[in-house]
Amino acid sequence: MKDLITTALRYENGSLHLLDQRRLPAEVLWHRCSDTDDLVALIQGLAVRGAPLIGVAAALWIGHCAARGDEPGQLLDTIRLLRASRPTAVNLSACLERMQHRIEQGADRAALIDQATTIFFEDVMLCDKIAQHGAALIEPGDRILTHCNTGGLATAGVGTALGVIITAHKQSKNINVWVDETRPLLQGARLTTWELERAGVPYRLICDSMAASLMAAGEVERIMVGADRIARNGDFANKIGTYALAVLASHHQLPFYVVAPQTTVDQDCIDGAAIQIEQRKAAEVRGATGSFGACTWSPSNAPVYNPAFDTTPAALVTGWILDTGVFTLNDVKAGAFG
Ligand code: MRU
């Protein structure tokens with residue numbers, strides 16, 4: 001398989017390397033993927049994360065396994081393991097289903113490598129299209145609030161919501177970004193800040209609980225977030241805390257946009273209630289772990305509720321910014337998502 005290089009993933013000299021996002025921003029540490037269990041652990045531990053990127057990484061791993069001569073039966077077993085690693089983001093299962101379909105059709109090694117490479121480049125291209133549609137909605141001087149990390153660390157390309165924001169900055173729109181820290185795993189505080197610094201975009205980091213007072217004070221023009229799965233009716237799952245932002249945006253009559261590739265729309269999912277929400281370990285809420293060390297601030301056995309995602313109803317969304325264009329609730333009701 002030929003070399004493929006992006007912000008958080010490198011396929012080089014026949015090996016898959018992933019940027020260990022748990023160590024950012026203090027340390028840029030690349031991890032060479034040794035076997036499928038290794039990749040499953042990296043995905044579950046959020047070393048590699050973001051809905052589009054985990055799908056691309058999994059597809060490339062299947063391409064890699066095909067290239068080294070794994071038999072179809074072995075490849076299907078590997079797909080099963082990877083698919084079960086994280087349940088909420090549709091991109092993971094969708095990318096693996098595409099690989100599985102080709103295997104079941106009897107595709108040879110070259111065709112499987114080609115399919116994996118196509119999935120990689122498709123994501124790059126989808127991000128570029130999203131960025132163009134989304135940046136057109138941003139007014140000069142906008143202060144945009146975003147949540148979690150949706151940039152080059154979460155996709156094979158420039159990102160979704162963060163790709164839009166960075167593109168608007170490159171268009172000299174003089175924007176400022178409010179970055180939600182995104183508890184419990186701090187994707188905003190650790191990763192979005194890292195990406196914005198690299199791109200030279202002015203930002204300020206806030207605790208999640210500060211968004212309400214910022215909106216009330218008139219300090220936010222629009223909110224842009226990513227998505228892990230969009231249902232046919234426009235409801236969507238994204239990082240925990242997204243729903244709270246949508247409710248706040250509605251109360252303050254601020255535009256609230258969901259930014260995602262068409263590949264995040266799950267046509268088999270009728271509404272948000274049908275989306276499986278990943279529940280994660282209690283330790284993530286009892287304290288924090290990262291390049292800064294590990295600490296527990298609650299009683300060590302404090303009972304915890306830790307859903308990784310929440311579901312936002314379509315009625316709270318101003319627009320869905322996809323690679324195929326910008327859709328309103330009326331478009332969605334008319335069947336834009338299948
Ligand atoms: O748990 P994570 O860090 O994988 O969650 C990521 C998000 O919720 C993103 O908003 C989503 O995957 C879209 S990334 C372009």
# chains A, B, ... in the order shown; residues from 1 in each chain; ligands from 1

call {"tool": "residues_near_ligand", "arguments": {"ligand": "ligand 1", "cutoff": "6 Å", "atoms": "only C-alpha atoms and all ligand atoms", "output": "PyMOL selection string"}}
result
chain A and resi 49-52+148-150+154-155+159-160+226-228+238-239

call {"tool": "write_last_selection", "arguments": {"atoms": "N, CA, C and O atoms", "output": "compact mmCIF listing (two decimals), in the first residue's frame"}}
result
# COMPACT_ATOMS: atom_id res chain seq x y z
N ARG A 49 -9.05 8.97 17.46
CA ARG A 49 -10.44 9.28 17.79
C ARG A 49 -11.01 10.23 16.73
O ARG A 49 -10.29 10.67 15.84
N GLY A 50 -12.30 10.58 16.92
CA GLY A 50 -12.99 11.39 15.92
C GLY A 50 -13.66 10.43 14.95
O GLY A 50 -13.01 9.51 14.43
N ALA A 51 -14.97 10.65 14.71
CA ALA A 51 -15.74 9.68 13.93
C ALA A 51 -15.10 9.35 12.58
O ALA A 51 -14.86 8.17 12.27
N PRO A 52 -14.77 10.36 11.73
CA PRO A 52 -14.21 9.98 10.43
C PRO A 52 -12.86 9.28 10.54
O PRO A 52 -12.59 8.31 9.83
N CYS A 148 -15.53 19.92 21.71
CA CYS A 148 -14.74 18.73 21.38
C CYS A 148 -13.66 19.07 20.35
O CYS A 148 -13.23 20.22 20.25
N ASN A 149 -13.21 18.09 19.60
CA ASN A 149 -12.24 18.34 18.54
C ASN A 149 -12.73 17.74 17.24
O ASN A 149 -13.05 16.55 17.17
N THR A 150 -12.79 18.58 16.21
CA THR A 150 -13.37 18.17 14.92
C THR A 150 -12.44 18.56 13.77
O THR A 150 -12.91 18.82 12.67
N ALA A 154 -9.21 14.63 13.86
CA ALA A 154 -10.41 13.79 13.93
C ALA A 154 -10.83 13.25 12.56
O ALA A 154 -11.81 12.51 12.47
N THR A 155 -10.11 13.64 11.53
CA THR A 155 -10.46 13.25 10.15
C THR A 155 -9.16 13.00 9.37
O THR A 155 -8.07 13.27 9.88
N GLY A 159 -10.82 18.56 8.56
CA GLY A 159 -11.77 18.50 9.66
C GLY A 159 -13.17 18.88 9.22
O GLY A 159 -13.41 19.16 8.04
N THR A 160 -14.08 18.87 10.20
CA THR A 160 -15.48 19.25 9.89
C THR A 160 -15.74 20.65 10.46
O THR A 160 -15.39 21.63 9.81
N GLY A 226 -19.42 19.05 15.58
CA GLY A 226 -19.39 17.90 14.69
C GLY A 226 -20.50 16.92 15.03
O GLY A 226 -21.41 17.22 15.81
N ALA A 227 -20.42 15.74 14.44
CA ALA A 227 -21.43 14.70 14.72
C ALA A 227 -20.79 13.32 14.59
O ALA A 227 -19.88 13.12 13.78
N ASP A 228 -21.28 12.40 15.39
CA ASP A 228 -20.83 11.01 15.30
C ASP A 228 -21.82 10.14 14.54
O ASP A 228 -21.44 9.10 13.98
N ASN A 238 -23.42 13.51 19.30
CA ASN A 238 -22.06 14.09 19.29
C ASN A 238 -21.55 14.10 20.73
O ASN A 238 -22.26 13.69 21.66
N LYS A 239 -20.34 14.57 20.91
CA LYS A 239 -19.68 14.56 22.22
C LYS A 239 -20.59 15.11 23.32
O LYS A 239 -21.28 16.11 23.11

call {"tool": "select_by_dssp", "arguments": {"residues": "segment 15-246 of chain A", "states": "alpha helix (DSSP H)", "output": "JSON, numbers by chain"}}
result
{"A": [36, 37, 38, 39, 40, 41, 42, 43, 44, 51, 52, 53, 54, 55, 56, 57, 58, 59, 60, 61, 62, 63, 64, 65, 66, 67, 72, 73, 74, 75, 76, 77, 78, 79, 80, 81, 82, 83, 90, 91, 92, 93, 94, 95, 96, 97, 98, 99, 100, 101, 102, 103, 104, 109, 110, 111, 112, 113, 114, 115, 116, 117, 118, 119, 120, 121, 122, 123, 124, 125, 126, 127, 128, 129, 130, 131, 132, 133, 134, 135, 161, 162, 163, 164, 165, 166, 167, 168, 169, 170, 187, 193, 194, 195, 196, 197, 198, 199, 211, 212, 213, 214, 215, 216, 242, 243, 244, 245, 246]}

call {"tool": "closest_residue", "arguments": {"among": "A:Ala260, A:Val90, A:Ala302, A:Ala116", "to": "Ala57 of chain A", "atoms": "only C-alpha atoms"}}
result
A:Ala116

call {"tool": "residues_around", "arguments": {"residues": "Leu329 of chain A", "least_positions_apart": "6", "cutoff": "9 Å", "atoms": "only C-alpha atoms", "output": "list in words"}}
result
Asn233, Gly234, Ala314, Ala315, Val317, Thr318, Gly319 and Trp320 of chain A

call {"tool": "write_last_selection", "arguments": {"atoms": "N, CA, C and O atoms", "output": "short mmCIF file (atom, residue, chain, number, x, y, z; two decimals), in the first residue's frame"}}
result
data_model
loop_
_atom_site.label_atom_id
_atom_site.label_comp_id
_atom_site.auth_asym_id
_atom_site.auth_seq_id
_atom_site.Cartn_x
_atom_site.Cartn_y
_atom_site.Cartn_z
N ASN A 233 -33.97 11.66 10.55
CA ASN A 233 -34.82 12.82 10.87
C ASN A 233 -33.99 14.03 11.31
O ASN A 233 -34.54 15.04 11.74
N GLY A 234 -32.64 13.92 11.26
CA GLY A 234 -31.77 15.06 11.59
C GLY A 234 -31.29 15.08 13.03
O GLY A 234 -30.38 15.83 13.36
N ALA A 314 -33.36 17.31 16.22
CA ALA A 314 -33.25 18.11 14.99
C ALA A 314 -33.86 19.50 15.14
O ALA A 314 -33.37 20.47 14.54
N ALA A 315 -34.91 19.61 15.97
CA ALA A 315 -35.61 20.90 16.10
C ALA A 315 -34.69 22.00 16.63
O ALA A 315 -34.99 23.19 16.46
N VAL A 317 -31.58 22.44 15.65
CA VAL A 317 -30.47 22.67 14.70
C VAL A 317 -30.88 23.72 13.66
O VAL A 317 -31.93 23.63 13.03
N THR A 318 -30.02 24.71 13.48
CA THR A 318 -30.28 25.74 12.46
C THR A 318 -29.96 25.20 11.07
O THR A 318 -30.66 25.47 10.10
N GLY A 319 -28.85 24.46 10.99
CA GLY A 319 -28.46 23.94 9.67
C GLY A 319 -27.49 22.78 9.81
O GLY A 319 -26.71 22.73 10.77
N TRP A 320 -27.56 21.86 8.86
CA TRP A 320 -26.64 20.73 8.78
C TRP A 320 -25.69 21.06 7.62
O TRP A 320 -26.12 21.12 6.46
#

call {"tool": "atom_distance", "arguments": {"atom1": "atom CA of Gln262 of chain A", "atom2": "atom CA of Leu53 of chain A"}}
result
14.4 Å

call {"tool": "closest_residue", "arguments": {"among": "A:Ala231, A:Ala136, A:Ile175, A:Ala110", "to": "Gly69 of chain A", "atoms": "only C-alpha atoms"}}
result
A:Ala110

call {"tool": "residues_around", "arguments": {"residues": "Thr324 of chain A", "least_positions_apart": "3", "cutoff": "9 Å", "atoms": "only C-alpha atoms", "output": "list in words"}}
result
Leu126, Lys129, Ile130, His133, Pro261, Gln262, Ile321 and Phe327 of chain A

call {"tool": "write_last_selection", "arguments": {"atoms": "N, CA and C atoms", "output": "PDB file, in the first residue's frame"}}
result
ATOM      1  N   LEU A 126     -14.147  15.182   1.170  1.00  0.00           N
ATOM      2  CA  LEU A 126     -15.401  15.573   1.832  1.00  0.00           C
ATOM      3  C   LEU A 126     -15.151  16.750   2.778  1.00  0.00           C
ATOM      4  N   LYS A 129     -14.871  20.024   0.888  1.00  0.00           N
ATOM      5  CA  LYS A 129     -16.175  20.541   0.422  1.00  0.00           C
ATOM      6  C   LYS A 129     -16.964  21.135   1.586  1.00  0.00           C
ATOM      7  N   ILE A 130     -16.950  20.424   2.723  1.00  0.00           N
ATOM      8  CA  ILE A 130     -17.650  20.925   3.921  1.00  0.00           C
ATOM      9  C   ILE A 130     -17.105  22.304   4.294  1.00  0.00           C
ATOM     10  N   HIS A 133     -18.507  25.066   2.063  1.00  0.00           N
ATOM     11  CA  HIS A 133     -19.915  25.394   2.358  1.00  0.00           C
ATOM     12  C   HIS A 133     -20.037  26.127   3.690  1.00  0.00           C
ATOM     13  N   PRO A 261     -19.539  15.057   7.334  1.00  0.00           N
ATOM     14  CA  PRO A 261     -19.648  14.524   5.969  1.00  0.00           C
ATOM     15  C   PRO A 261     -20.939  13.712   5.803  1.00  0.00           C
ATOM     16  N   GLN A 262     -21.353  13.564   4.571  1.00  0.00           N
ATOM     17  CA  GLN A 262     -22.537  12.742   4.260  1.00  0.00           C
ATOM     18  C   GLN A 262     -22.390  11.333   4.848  1.00  0.00           C
ATOM     19  N   ILE A 321     -24.434  21.280   7.949  1.00  0.00           N
ATOM     20  CA  ILE A 321     -23.460  21.618   6.902  1.00  0.00           C
ATOM     21  C   ILE A 321     -22.755  20.325   6.499  1.00  0.00           C
ATOM     22  N   PHE A 327     -28.236  22.150   4.782  1.00  0.00           N
ATOM     23  CA  PHE A 327     -29.629  21.705   4.828  1.00  0.00           C
ATOM     24  C   PHE A 327     -30.347  22.308   6.032  1.00  0.00           C
TER      25      PHE A 327
END

call {"tool": "select_by_dssp", "arguments": {"residues": "segment 16-128 of chain A", "states": "strand (DSSP E or B)", "output": "list in words"}}
result
Leu16, His17, Leu18, Leu19, Trp30, His31 and Arg32 of chain A

call {"tool": "write_last_selection", "arguments": {"atoms": "N, CA, C and O atoms", "output": "PDB file, in the first residue's frame"}}
result
ATOM      1  N   LEU A  16       1.295   1.172   9.698  1.00  0.00           N
ATOM      2  CA  LEU A  16       0.321   2.199  10.090  1.00  0.00           C
ATOM      3  C   LEU A  16       0.795   2.851  11.387  1.00  0.00           C
ATOM      4  O   LEU A  16       0.995   2.169  12.398  1.00  0.00           O
ATOM      5  N   HIS A  17       0.976   4.177  11.344  1.00  0.00           N
ATOM      6  CA  HIS A  17       1.399   4.925  12.531  1.00  0.00           C
ATOM      7  C   HIS A  17       0.277   5.884  12.907  1.00  0.00           C
ATOM      8  O   HIS A  17      -0.267   6.562  12.046  1.00  0.00           O
ATOM      9  N   LEU A  18      -0.024   5.942  14.210  1.00  0.00           N
ATOM     10  CA  LEU A  18      -1.088   6.833  14.667  1.00  0.00           C
ATOM     11  C   LEU A  18      -0.542   7.776  15.729  1.00  0.00           C
ATOM     12  O   LEU A  18       0.209   7.343  16.618  1.00  0.00           O
ATOM     13  N   LEU A  19      -0.923   9.034  15.620  1.00  0.00           N
ATOM     14  CA  LEU A  19      -0.504  10.027  16.617  1.00  0.00           C
ATOM     15  C   LEU A  19      -1.272   9.744  17.906  1.00  0.00           C
ATOM     16  O   LEU A  19      -2.499   9.674  17.885  1.00  0.00           O
ATOM     17  N   TRP A  30       4.207   9.270  18.096  1.00  0.00           N
ATOM     18  CA  TRP A  30       3.585   8.399  17.086  1.00  0.00           C
ATOM     19  C   TRP A  30       3.702   6.956  17.540  1.00  0.00           C
ATOM     20  O   TRP A  30       4.729   6.551  18.075  1.00  0.00           O
ATOM     21  N   HIS A  31       2.656   6.206  17.295  1.00  0.00           N
ATOM     22  CA  HIS A  31       2.609   4.816  17.730  1.00  0.00           C
ATOM     23  C   HIS A  31       2.487   3.933  16.488  1.00  0.00           C
ATOM     24  O   HIS A  31       1.572   4.115  15.688  1.00  0.00           O
ATOM     25  N   ARG A  32       3.397   2.977  16.329  1.00  0.00           N
ATOM     26  CA  ARG A  32       3.290   2.045  15.187  1.00  0.00           C
ATOM     27  C   ARG A  32       2.348   0.922  15.576  1.00  0.00           C
ATOM     28  O   ARG A  32       2.548   0.265  16.597  1.00  0.00           O
TER      29      ARG A  32
END

call {"tool": "atom_distance", "arguments": {"atom1": "atom CA of Val304 of chain A", "atom2": "atom CA of Pro25 of chain A"}}
result
27.1 Å

call {"tool": "residues_around", "arguments": {"residues": "His64 of chain A", "least_positions_apart": "3", "cutoff": "9 Å", "atoms": "only C-alpha atoms", "output": "list of chain:residue names"}}
result
A:Met1, A:Gly14, A:Ser15, A:Leu16, A:Ala59, A:Leu60, A:Trp61, A:Ala67, A:Arg68, A:Gly69, A:Ile113, A:Ala116

call {"tool": "residues_around", "arguments": {"residues": "Ile62 of chain A", "least_positions_apart": "6", "cutoff": "9 Å", "atoms": "only C-alpha atoms", "output": "NGL selection string"}}
result
:A and (75 or 78-79 or 96 or 99 or 112-113 or 116)

call {"tool": "decode", "arguments": {"residues": "segment 254-286 of chain A", "atoms": "C-alpha atoms", "output": "CSV table (one decimal), in the first residue's frame"}}
result
chain,number,residue,atom,x,y,z
A,254,LEU,CA,-28.2,31.9,18.2
A,255,PRO,CA,-27.5,29.9,15.0
A,256,PHE,CA,-26.4,26.3,15.9
A,257,TYR,CA,-24.8,24.3,13.1
A,258,VAL,CA,-23.9,20.6,12.8
A,259,VAL,CA,-21.0,20.0,10.5
A,260,ALA,CA,-20.3,16.5,9.1
A,261,PRO,CA,-19.6,14.5,6.0
A,262,GLN,CA,-22.5,12.7,4.3
A,263,THR,CA,-20.9,9.5,5.5
A,264,THR,CA,-22.0,10.4,9.1
A,265,VAL,CA,-25.7,10.2,8.0
A,266,ASP,CA,-27.1,6.8,9.0
A,267,GLN,CA,-30.1,6.2,6.7
A,268,ASP,CA,-31.0,3.1,8.7
A,269,CYS,CA,-31.4,5.1,11.9
A,270,ILE,CA,-34.8,6.7,12.1
A,271,ASP,CA,-34.2,9.1,15.0
A,272,GLY,CA,-31.9,10.0,17.9
A,273,ALA,CA,-33.5,7.5,20.3
A,274,ALA,CA,-32.2,4.7,18.1
A,275,ILE,CA,-28.5,5.8,18.5
A,276,GLN,CA,-26.5,3.6,20.8
A,277,ILE,CA,-24.5,5.9,23.3
A,278,GLU,CA,-21.2,4.6,24.4
A,279,GLN,CA,-20.8,4.4,28.2
A,280,ARG,CA,-17.2,4.9,29.4
A,281,LYS,CA,-15.2,4.2,32.5
A,282,ALA,CA,-15.8,5.9,35.9
A,283,ALA,CA,-12.2,6.9,36.2
A,284,GLU,CA,-12.6,9.5,33.5
A,285,VAL,CA,-15.0,11.4,35.6
A,286,ARG,CA,-13.5,10.7,39.0
